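J.: First the structure, then my questions, so here it is.
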Amino acid sequence: MLMEARKLTKRYSAGRFCKAGGFTLHEADICLEAGETAGIFGKSGSGKTTLANLIAGIFPATSGALFWKGGMIRYPFRGTLRRTVQMVYQHPEEAFDPLWTLRQSLLEPYHVHKIPFREEEFAAQLAQVGLYEEHLSRRPDALSGGELQRAALARVMVMRPELMILDEPVSMLDSISQAQVLQILRDYQRQYQTAYLFITHNKDVMRYMCSRCYFLENGIIVKEEEVQA
């Protein structure tokens with residue numbers, strides 16, 4: 001087993017705008033094998049992004065446990081796990097510094113994770129996601145949504161993660177860009193056997209990408225099903 005969540009729960013506290021606390025996620029049990037794509041399907045507000053953030057280590061669970069290759073994970077993620085588990089967000093513009101050029105943003109993981117850099121390999125990785133030299137000098141506001149999402153994928157892919165958490169990665173894109181990004185993901189998975197946790201509210205996308213899916217309603221996983229394409 002690559003990753004397993006047991007009774008993963010996130011509770012928010014009562015406060016000024018909410019007199020009674022409650023759960024955004026309640027006792028979620030999921031598992032994921034290496035090279036597999038499992039889906040999390042649900043409507044907006046069902047707890048999908050909360051679950052994604054917990055598994056990505058963005059913030060800790062209130063209760064429950066998360067396991068990686070059989071060992072319990074502690075928050076915050078440390079060491080190689082920070083590189084091994086990566087997340088791609090629904091709104092790619094939020095993943096980039098608005099003052100940096102695309103080249104600066106794409107080089108950041110090389111510096112942070114001390115990945116050896118070779119210009120020809122860098123160019124080949126960009127071409128793999130449909131980006132080229134002319135894109136590198138632009139800032140995020142000069143790139144389309146599809147270009148930013150492909151750039152977000154390129155920045156994650158260079159780290160060769162074993163698990164990618166994909167939070168509605170194509171929901172903000174037009175149909176052509178959606179098809180391009182989904183094909184990039186499928187090609188990459190075939191090459192590197194990366195596991196995907198694919199979060200979506202689109203049944204067609206779910207059927208295309210996932211072999212099985214967890215259905216989430218009001219913060220609770222109500223069923224798990226094999227997906228038929």
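All residue names refer to the structure tokens as shown: chains lettered A, B, ... in order, residues numbered from 1 in each chain, ligands numbered from 1 in order.
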Write out as a ChimeraX atom specification which residues come within 7 Å of stretch 186-202 of chain A when counting only C-alpha atoms, dropping same-chain ones fewer than 4 positions away.
T.: /A:33-43,48,161-168,182,206
J.: With a distance cut-off of 12 Å and only C-alpha atoms, select the neighbouring residues of stretch 80-88 of chain A, excluding the residue or stretch itself and same-chain residues fewer than 6 positions from it, and output the selection as a VMD selection string.
T.: chain A and resid 2 to 3 49 51 to 58 67 to 69 71 to 74 94 to 96 109 to 110 112 to 115 148 to 170 181 185 194 to 199
J.: I need the alpha helix (DSSP H) residues of stretch 85-181 of chain A per DSSP on the backbone, written as a ChimeraX atom specification.
T.: /A:102-112,119-128,133-136,145-157,175-181
J.: Taking into account only C-alpha atoms, which residue in the set A:Thr62, A:Ser211, A:Thr101, A:Ser44 is nearest to A:Ala142?
T.: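 So, comparing all the options, the nearest one is A:Thr101.
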J.: Quick one: everything within 8 Å of A:Glu225, counting only C-alpha atoms, minus sequence neighbours fewer than 3 positions away in the same chain. Send it as number ranges by chain.
T.: A: 212-214
J.: Could the residues in this selection be written to a file with N, CA, C and O atoms, as a PDB file, in the first residue's frame?
T.:
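selection32.pdb, freshly written:
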```pdb
ATOM      1  N   ARG A 212     -11.099   3.627  -9.742  1.00  0.00           N
ATOM      2  CA  ARG A 212     -12.127   3.520  -8.711  1.00  0.00           C
ATOM      3  C   ARG A 212     -12.292   4.886  -8.071  1.00  0.00           C
ATOM      4  O   ARG A 212     -11.447   5.768  -8.243  1.00  0.00           O
ATOM      5  N   CYS A 213     -13.387   5.054  -7.335  1.00  0.00           N
ATOM      6  CA  CYS A 213     -13.697   6.380  -6.826  1.00  0.00           C
ATOM      7  C   CYS A 213     -14.397   6.299  -5.477  1.00  0.00           C
ATOM      8  O   CYS A 213     -15.211   5.403  -5.223  1.00  0.00           O
ATOM      9  N   TYR A 214     -14.061   7.273  -4.617  1.00  0.00           N
ATOM     10  CA  TYR A 214     -14.753   7.476  -3.350  1.00  0.00           C
ATOM     11  C   TYR A 214     -15.733   8.633  -3.531  1.00  0.00           C
ATOM     12  O   TYR A 214     -15.379   9.680  -4.071  1.00  0.00           O
TER      13      TYR A 214
END
```
J.: Between atom CA of A:Leu102 and atom CA of A:Arg118, what distance in Å does the model show, to one decimal?
T.: 17.0 Å
J.: List every residue of stretch 72-151 of chain A that DSSP, applied to the backbone, labels as strand (DSSP E or B), and write the result as a PyMOL selection string.
T.: chain A and resi 72+85-88
J.: Using C-alpha atoms, can you export the residues from the last selection as a compact mmCIF listing (two decimals), in the first residue's frame?
T.:
```txt
# COMPACT_ATOMS: atom_id res chain seq x y z
CA MET A 72 2.46 6.70 10.16
CA VAL A 85 3.83 13.94 -2.18
CA GLN A 86 2.83 16.90 -4.36
CA MET A 87 -0.41 18.75 -5.02
CA VAL A 88 -1.75 20.53 -8.11
```
J.: At what distance in Å, to one decimal, does atom CA of A:Glu226 lie from atom CA of A:Arg207?
T.: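 Taking atom CA of A:Arg207 and atom CA of A:Glu226, their separation equals 9.7 Å.
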J.: Record the distance separating atom CA of A:Ile184 and atom CA of A:Gln128, expressed in Å with one decimal.
T.: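 Between atom CA of A:Ile184 and atom CA of A:Gln128 the gap works out to 7.6 Å.
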J.: A:Glu4: which residues within 6 Å, counting only C-alpha atoms, same-chain residues fewer than 6 positions away excluded, as a PyMOL selection string?
T.: chain A and resi 30-31+66-67
J.: With N, CA, C and O atoms retained, write the just-selected residues as a compact mmCIF listing (two decimals), in the first residue's frame.
T.:
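Below you can see out-v3.txt, which holds the result:
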```txt
# COMPACT_ATOMS: atom_id res chain seq x y z
N ILE A 30 -9.46 5.99 3.17
CA ILE A 30 -9.12 5.76 1.76
C ILE A 30 -7.75 5.12 1.67
O ILE A 30 -6.95 5.20 2.61
N CYS A 31 -7.47 4.49 0.54
CA CYS A 31 -6.15 3.92 0.31
C CYS A 31 -5.81 4.04 -1.18
O CYS A 31 -6.69 4.19 -2.03
N LEU A 66 -2.66 9.10 9.02
CA LEU A 66 -2.26 8.98 7.62
C LEU A 66 -0.99 8.15 7.57
O LEU A 66 -0.05 8.39 8.34
N PHE A 67 -0.97 7.15 6.66
CA PHE A 67 0.16 6.23 6.57
C PHE A 67 0.78 6.30 5.18
O PHE A 67 0.07 6.41 4.17
```
